[in-house]
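S.K.: See model21.pdb below, with PDB, C-alpha atoms.
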```pdb
MODEL        1
ATOM      1  CA  MET A  69      73.297 368.192 277.040
ATOM      2  CA  ALA A  70      71.407 370.893 278.919
ATOM      3  CA  ILE A  71      68.367 372.388 277.254
ATOM      4  CA  THR A  72      66.586 375.483 278.554
ATOM      5  CA  ILE A  73      62.834 375.772 278.067
ATOM      6  CA  ASN A  74      60.093 378.082 279.350
ATOM      7  CA  VAL A  75      57.399 376.082 281.130
ATOM      8  CA  ASN A  76      54.540 377.692 283.037
ATOM      9  CA  GLY A  77      56.264 381.055 282.982
ATOM     10  CA  LEU A  78      59.590 379.837 284.394
ATOM     11  CA  ARG A  79      62.851 378.989 282.669
ATOM     12  CA  HIS A  80      63.992 375.434 283.311
ATOM     13  CA  SER A  81      67.194 373.663 282.434
ATOM     14  CA  ALA A  82      66.884 369.973 281.652
ATOM     15  CA  LYS A  83      69.327 367.261 280.712
ATOM     16  CA  ALA A  84      68.055 365.932 277.405
ATOM     17  CA  THR A  85      69.002 365.507 273.793
ATOM     18  CA  ALA A  86      67.325 367.730 271.237
ATOM     19  CA  ASP A  87      65.120 364.881 270.007
ATOM     20  CA  THR A  88      63.862 363.825 273.455
ATOM     21  CA  PRO A  89      60.052 364.063 273.513
ATOM     22  CA  LEU A  90      58.856 367.105 275.438
ATOM     23  CA  LEU A  91      56.592 364.844 277.504
ATOM     24  CA  TYR A  92      59.601 363.019 278.951
ATOM     25  CA  VAL A  93      61.258 366.280 279.945
ATOM     26  CA  LEU A  94      58.055 367.589 281.535
ATOM     27  CA  ARG A  95      57.400 364.437 283.544
ATOM     28  CA  ASP A  96      60.862 363.046 284.237
ATOM     29  CA  GLU A  97      62.978 366.192 284.566
ATOM     30  CA  LEU A  98      60.460 368.803 285.743
ATOM     31  CA  LYS A  99      58.232 366.367 287.673
ATOM     32  CA  LEU A 100      55.017 367.794 286.207
ATOM     33  CA  ARG A 101      52.162 365.303 286.343
ATOM     34  CA  GLY A 102      49.450 367.014 284.278
ATOM     35  CA  PRO A 103      50.517 365.680 280.873
ATOM     36  CA  LYS A 104      50.176 361.898 280.733
ATOM     37  CA  PHE A 105      51.695 359.244 278.496
ATOM     38  CA  GLY A 106      48.789 357.667 276.661
ATOM     39  CA  CYS A 107      49.481 356.284 273.222
ATOM     40  CA  GLY A 108      52.845 357.815 272.317
ATOM     41  CA  LEU A 109      51.507 358.480 268.815
ATOM     42  CA  ALA A 110      49.688 361.821 269.264
ATOM     43  CA  GLN A 111      46.354 360.053 268.866
ATOM     44  CA  CYS A 112      44.745 360.209 272.321
ATOM     45  CA  GLY A 113      45.545 363.702 273.651
ATOM     46  CA  ALA A 114      46.500 362.719 277.210
ATOM     47  CA  CYS A 115      49.892 364.421 276.745
ATOM     48  CA  ALA A 116      48.520 367.734 275.452
ATOM     49  CA  VAL A 117      50.125 371.030 276.453
ATOM     50  CA  LEU A 118      49.848 374.562 275.145
ATOM     51  CA  LEU A 119      52.699 375.879 273.023
ATOM     52  CA  ASP A 120      52.354 379.644 272.641
ATOM     53  CA  GLY A 121      48.642 379.144 273.281
ATOM     54  CA  GLN A 122      48.105 376.331 270.765
ATOM     55  CA  GLU A 123      47.398 372.752 271.829
ATOM     56  CA  ILE A 124      50.136 370.292 270.858
ATOM     57  CA  ARG A 125      50.917 366.669 271.671
ATOM     58  CA  SER A 126      54.037 366.565 273.811
ATOM     59  CA  CYS A 127      54.659 362.846 273.250
ATOM     60  CA  VAL A 128      55.750 363.476 269.646
ATOM     61  CA  THR A 129      57.191 366.992 269.989
ATOM     62  CA  PRO A 130      60.971 367.073 270.343
ATOM     63  CA  VAL A 131      62.087 369.306 273.187
ATOM     64  CA  ALA A 132      64.245 371.307 270.743
ATOM     65  CA  ALA A 133      61.051 372.440 268.977
ATOM     66  CA  VAL A 134      59.885 374.359 272.050
ATOM     67  CA  MET A 135      63.108 376.194 272.869
ATOM     68  CA  GLY A 136      62.471 379.937 272.936
ATOM     69  CA  ARG A 137      58.714 379.376 273.104
ATOM     70  CA  ARG A 138      56.172 379.277 275.918
ATOM     71  CA  VAL A 139      54.919 375.870 277.147
ATOM     72  CA  THR A 140      51.925 375.738 279.483
ATOM     73  CA  THR A 141      50.848 372.565 281.248
ATOM     74  CA  LEU A 142      47.779 371.838 283.342
ATOM     75  CA  GLU A 143      49.713 373.057 286.376
ATOM     76  CA  GLY A 144      50.315 376.433 284.716
ATOM     77  CA  LEU A 145      46.710 377.212 283.791
ATOM     78  CA  PRO A 146      45.874 379.163 286.978
ATOM     79  CA  ALA A 147      48.675 381.633 286.170
ATOM     80  CA  LEU A 148      47.186 382.181 282.696
ATOM     81  CA  ASN A 149      44.001 383.323 284.379
ATOM     82  CA  ALA A 150      45.702 385.551 286.978
ATOM     83  CA  GLY A 151      44.751 389.157 286.533
ATOM     84  CA  ARG A 152      41.493 388.465 284.685
ATOM     85  CA  LYS A 153      38.681 390.129 286.581
ATOM     86  CA  GLY A 154      40.848 390.478 289.669
ATOM     87  CA  THR A 155      41.680 386.796 290.035
ATOM     88  CA  SER A 156      44.830 385.666 291.782
ATOM     89  CA  ALA A 157      47.449 383.195 290.583
ATOM     90  CA  ALA A 158      46.114 380.752 293.183
ATOM     91  CA  ALA A 159      42.630 380.674 291.624
ATOM     92  CA  LEU A 160      41.888 377.840 289.236
ATOM     93  CA  HIS A 161      41.508 378.607 285.557
ATOM     94  CA  PRO A 162      37.770 378.912 284.694
ATOM     95  CA  VAL A 163      37.978 375.696 282.652
ATOM     96  CA  GLN A 164      39.451 373.814 285.604
ATOM     97  CA  GLN A 165      36.749 375.192 287.907
ATOM     98  CA  ALA A 166      34.022 374.298 285.402
ATOM     99  CA  TRP A 167      35.382 370.736 285.238
ATOM    100  CA  ILE A 168      34.933 370.499 289.009
ATOM    101  CA  ASP A 169      31.533 372.185 289.026
ATOM    102  CA  GLU A 170      30.188 369.881 286.295
ATOM    103  CA  GLN A 171      31.857 366.828 287.864
ATOM    104  CA  VAL A 172      33.393 365.877 284.522
ATOM    105  CA  PRO A 173      36.132 363.362 285.432
ATOM    106  CA  GLN A 174      35.509 359.711 285.989
ATOM    107  CA  CYS A 175      38.821 357.887 285.678
ATOM    108  CA  GLY A 176      40.497 361.226 284.923
ATOM    109  CA  TYR A 177      43.216 359.966 282.605
ATOM    110  CA  CYS A 178      42.148 362.017 279.572
ATOM    111  CA  GLN A 179      41.246 365.119 281.545
ATOM    112  CA  ASN A 180      44.611 366.844 281.121
ATOM    113  CA  GLY A 181      44.233 366.871 277.351
ATOM    114  CA  MET A 182      40.550 367.719 277.445
ATOM    115  CA  ILE A 183      41.156 370.738 279.687
ATOM    116  CA  ILE A 184      44.142 371.920 277.632
ATOM    117  CA  GLN A 185      42.097 371.685 274.411
ATOM    118  CA  ALA A 186      39.155 373.493 276.031
ATOM    119  CA  VAL A 187      41.441 376.360 277.127
ATOM    120  CA  ALA A 188      42.853 376.671 273.594
ATOM    121  CA  LEU A 189      39.346 376.595 272.126
ATOM    122  CA  LEU A 190      38.008 379.315 274.430
ATOM    123  CA  ASP A 191      41.062 381.499 273.872
ATOM    124  CA  HIS A 192      40.294 381.534 270.144
ATOM    125  CA  THR A 193      36.491 381.238 270.248
ATOM    126  CA  PRO A 194      35.113 382.720 273.471
ATOM    127  CA  HIS A 195      31.522 381.578 272.810
ATOM    128  CA  PRO A 196      31.650 378.327 270.833
ATOM    129  CA  SER A 197      28.540 376.475 269.731
ATOM    130  CA  ASP A 198      27.892 372.915 270.866
ATOM    131  CA  ALA A 199      28.884 371.703 267.402
ATOM    132  CA  LEU A 200      32.190 373.593 267.512
ATOM    133  CA  ILE A 201      32.941 372.271 271.003
ATOM    134  CA  LYS A 202      32.295 368.697 269.871
ATOM    135  CA  THR A 203      34.466 369.156 266.787
ATOM    136  CA  ALA A 204      37.313 370.675 268.825
ATOM    137  CA  MET A 205      37.186 367.877 271.386
ATOM    138  CA  ASN A 206      36.964 365.055 268.814
ATOM    139  CA  ALA A 207      40.728 364.559 268.717
ATOM    140  CA  HIS A 208      40.804 363.659 272.432
ATOM    141  CA  LEU A 209      39.838 360.169 273.485
ATOM    142  CA  CYS A 210      37.703 359.559 276.568
ATOM    143  CA  ARG A 211      36.722 355.977 277.322
ATOM    144  CA  CYS A 212      34.479 356.929 280.258
ATOM    145  CA  GLY A 213      32.040 358.769 277.995
ATOM    146  CA  THR A 214      31.919 362.095 279.849
ATOM    147  CA  HIS A 215      31.393 363.997 276.596
ATOM    148  CA  ASN A 216      28.094 365.635 277.600
ATOM    149  CA  ALA A 217      29.601 366.872 280.857
ATOM    150  CA  ILE A 218      32.615 368.182 278.920
ATOM    151  CA  VAL A 219      30.336 370.251 276.657
ATOM    152  CA  ARG A 220      28.518 371.626 279.727
ATOM    153  CA  ALA A 221      31.805 372.477 281.432
ATOM    154  CA  ILE A 222      33.150 374.322 278.385
ATOM    155  CA  LYS A 223      29.931 376.325 278.107
ATOM    156  CA  ARG A 224      30.135 377.132 281.838
ATOM    157  CA  ALA A 225      33.759 378.260 281.474
ATOM    158  CA  ALA A 226      32.808 380.414 278.464
ATOM    159  CA  LYS A 227      30.200 382.205 280.594
ATOM    160  CA  ALA A 228      32.691 382.639 283.434
ATOM    161  CA  THR A 229      35.257 384.271 281.170
ATOM    162  CA  ALA A 230      32.780 386.520 279.340
TER
ENDMDL
END
```
Could you spell out this file's structure in structure tokens?
M.R.:
Amino acid sequence: MAITINVNGLRHSAKATADTPLLYVLRDELKLRGPKFGCGLAQCGACAVLLDGQEIRSCVTPVAAVMGRRVTTLEGLPALNAGRKGTSAAALHPVQQAWIDEQVPQCGYCQNGMIIQAVALLDHTPHPSDALIKTAMNAHLCRCGTHNAIVRAIKRAAKATA
């Protein structure tokens, strides 16, 4: 069956059943590589995407649940930033740029979810405290231990979007 979903500002048709996990459609049908399969249980955050601006776990979200709504993946973040302070669609989102500037990634596997969560956090709380950042990021697992760099990057992105 063909399902139509809005991903990164574009309408896409995918062959999937209504209960197919969104992650599978994003990776297998749309060939997007930002969201990763981690645990398959919504515990690690590697598969995180934004759904109407809220972070969700795509590994446990049936594709039918996102029909008629707006899904944003890591690849779509630059377009979210386009138009802010004269930026272009080609410019990285401030959170992505802060991740680079602070040299956050080590292995990089969790970074998709970390960045997605940071974007959602800053959209709702433009100037979060360290404690709020740590609380917001708690639900994302990072085995490399880049947590201090993540806090610095989120604070840098908050300044950039102020």
S.K.: Quick one: pull the distance between CA of Val139 in chain A and CA of Leu118 in chain A, Å, one decimal.
M.R.: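 Distance between the two atoms: 5.6 Å.
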S.K.: Using all atoms listed in the file, which of the listed residues (A:Ala70, A:Val163, A:Ala188, A:Val75) sits closest to Val134 in chain A?
M.R.: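 Ranked by minimum distance to Val134 in chain A, first place goes to A:Val75.
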S.K.: On this structure, which residues satisfy the PyMOL selection byres ((chain A and resi 84-88) around 8), written as a ChimeraX atom specification?
M.R.: /A:69-71,82-83,89-90,92-93,130-132
S.K.: Counting all atoms listed in the file, figure out which residue out of A:Leu200, A:Ala150, A:Ile222, A:Ile168 gets nearest to Met182 in chain A.
M.R.: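 With all atoms listed in the file as the atom set, the closest residue is A:Ile222.
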S.K.: Using all atoms listed in the file, pick whichever of A:His208, A:Lys202, A:His80, A:His161 has the shortest atom-to-atom distance to Ala110 in chain A.
M.R.: A:His208
S.K.: Measure the distance from CA of Leu78 in chain A to CA of Ala225 in chain A in Å and round it to one decimal.
M.R.: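 For CA of Leu78 in chain A relative to CA of Ala225 in chain A, the distance reads 26.0 Å.
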S.K.: Restricting the calculation to all atoms listed in the file: of A:Cys178, A:Arg137, A:Glu123, A:Glu143, which residue gets closest to Lys99 in chain A?
M.R.: A:Glu143
S.K.: Taking the file above as input, evaluate the PyMOL selection byres ((chain A and resi 209) around 9) and report the hits as a VMD selection string.
M.R.: chain A and resid 111 to 114 178 181 to 182 205 to 208 210 to 211
S.K.: Output C-alpha atoms for every residue in that selection, as a PDB file, keeping the file's coordinate frame.
M.R.:
```pdb
ATOM      1  CA  GLN A 111      46.354 360.053 268.866  1.00  0.00           C
ATOM      2  CA  CYS A 112      44.745 360.209 272.321  1.00  0.00           C
ATOM      3  CA  GLY A 113      45.545 363.702 273.651  1.00  0.00           C
ATOM      4  CA  ALA A 114      46.500 362.719 277.210  1.00  0.00           C
ATOM      5  CA  CYS A 178      42.148 362.017 279.572  1.00  0.00           C
ATOM      6  CA  GLY A 181      44.233 366.871 277.351  1.00  0.00           C
ATOM      7  CA  MET A 182      40.550 367.719 277.445  1.00  0.00           C
ATOM      8  CA  MET A 205      37.186 367.877 271.386  1.00  0.00           C
ATOM      9  CA  ASN A 206      36.964 365.055 268.814  1.00  0.00           C
ATOM     10  CA  ALA A 207      40.728 364.559 268.717  1.00  0.00           C
ATOM     11  CA  HIS A 208      40.804 363.659 272.432  1.00  0.00           C
ATOM     12  CA  CYS A 210      37.703 359.559 276.568  1.00  0.00           C
ATOM     13  CA  ARG A 211      36.722 355.977 277.322  1.00  0.00           C
TER      14      ARG A 211
END
```
S.K.: Would you mind telling me which residue in A:Ala226, A:Cys107, A:Val117, A:Met135 lies nearest to Arg79 in chain A when using only C-alpha atoms?
M.R.: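 Among A:Ala226, A:Cys107, A:Val117, A:Met135, it is A:Met135 that comes nearest to Arg79 in chain A.
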S.K.: Counting all atoms listed in the file, which of A:Ala159, A:Leu189, A:Val172, A:Leu91 gets nearest to Thr141 in chain A?
M.R.: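 Of the candidates, the smallest distance to Thr141 in chain A is held by A:Leu91.
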S.K.: Quick one: what's the axis-aligned box for range 76-95 of chain A, all listed atoms, 5 Å on every side, centre and edges in Å to one decimal, as lines of an AutoDock Vina configuration file?
M.R.:
```
center_x = 61.9
center_y = 372.0
center_z = 277.2
size_x = 24.8
size_y = 28.0
size_z = 24.4
```
S.K.: Could you write out as a list in words the residues that the PyMOL selection byres ((chain A and resi 201) around 10) matches in the shown file?
M.R.: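 In the shown coordinates, the PyMOL selection byres ((chain A and resi 201) around 10) covers Gln185, Ala186, Leu189, Leu190, Thr193, His195, Pro196, Ser197, Asp198, Ala199, Leu200, Lys202, Thr203, Ala204, Met205, Asn206, Ile218, Val219, Arg220, Ile222 and Lys223 of chain A.
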S.K.: Tell me, in Å to one decimal, how far CA of Cys175 in chain A is from CA of Cys212 in chain A.
M.R.: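 Separating CA of Cys175 in chain A from CA of Cys212 in chain A is a distance of 7.0 Å.
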S.K.: Show me the residues around (28.3, 369.9, 285.6) - criterion: an atom at most 7 Å away, all atoms listed in the file counted - as a ChimeraX atom specification.
M.R.: /A:169-172,217,220-221
S.K.: Generate the missing atoms of range 202-223 of chain A up to N, CA and C atoms and report them as a short mmCIF file (atom, residue, chain, number, x, y, z; two decimals), in the coordinates of the input.
M.R.:
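selection.cif, written as the output of this step:
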```
data_model
loop_
_atom_site.label_atom_id
_atom_site.label_comp_id
_atom_site.auth_asym_id
_atom_site.auth_seq_id
_atom_site.Cartn_x
_atom_site.Cartn_y
_atom_site.Cartn_z
N LYS A 202 32.17 370.13 270.17
CA LYS A 202 32.30 368.70 269.87
C LYS A 202 33.37 368.45 268.83
N THR A 203 33.44 369.30 267.82
CA THR A 203 34.47 369.16 266.79
C THR A 203 35.86 369.36 267.39
N ALA A 204 36.01 370.38 268.22
CA ALA A 204 37.31 370.68 268.82
C ALA A 204 37.77 369.55 269.74
N MET A 205 36.84 368.91 270.42
CA MET A 205 37.19 367.88 271.39
C MET A 205 37.30 366.49 270.76
N ASN A 206 36.94 366.36 269.50
CA ASN A 206 36.96 365.06 268.81
C ASN A 206 38.32 364.38 268.82
N ALA A 207 39.39 365.14 268.81
CA ALA A 207 40.73 364.56 268.72
C ALA A 207 41.25 364.08 270.07
N HIS A 208 40.43 364.13 271.10
CA HIS A 208 40.80 363.66 272.43
C HIS A 208 39.93 362.47 272.79
N LEU A 209 40.57 361.39 273.17
CA LEU A 209 39.84 360.17 273.48
C LEU A 209 39.45 360.12 274.95
N CYS A 210 38.21 359.74 275.21
CA CYS A 210 37.70 359.56 276.57
C CYS A 210 36.90 358.26 276.57
N ARG A 211 37.40 357.27 277.27
CA ARG A 211 36.72 355.98 277.32
C ARG A 211 35.57 355.98 278.31
N CYS A 212 35.54 356.91 279.25
CA CYS A 212 34.48 356.93 280.26
C CYS A 212 33.17 357.50 279.71
N GLY A 213 33.25 358.23 278.60
CA GLY A 213 32.04 358.77 278.00
C GLY A 213 31.50 360.01 278.69
N THR A 214 32.37 360.88 279.15
CA THR A 214 31.92 362.10 279.85
C THR A 214 31.70 363.26 278.88
N HIS A 215 31.47 362.97 277.63
CA HIS A 215 31.39 364.00 276.60
C HIS A 215 30.32 365.05 276.86
N ASN A 216 29.14 364.65 277.33
CA ASN A 216 28.09 365.64 277.60
C ASN A 216 28.50 366.57 278.73
N ALA A 217 29.13 366.03 279.75
CA ALA A 217 29.60 366.87 280.86
C ALA A 217 30.72 367.81 280.39
N ILE A 218 31.54 367.34 279.46
CA ILE A 218 32.62 368.18 278.92
C ILE A 218 32.02 369.38 278.19
N VAL A 219 31.00 369.15 277.38
CA VAL A 219 30.34 370.25 276.66
C VAL A 219 29.76 371.24 277.66
N ARG A 220 29.09 370.74 278.70
CA ARG A 220 28.52 371.63 279.73
C ARG A 220 29.60 372.43 280.43
N ALA A 221 30.71 371.79 280.73
CA ALA A 221 31.80 372.48 281.43
C ALA A 221 32.40 373.57 280.56
N ILE A 222 32.58 373.31 279.28
CA ILE A 222 33.15 374.32 278.38
C ILE A 222 32.19 375.50 278.26
N LYS A 223 30.91 375.23 278.18
CA LYS A 223 29.93 376.32 278.11
C LYS A 223 29.93 377.12 279.41
#
```
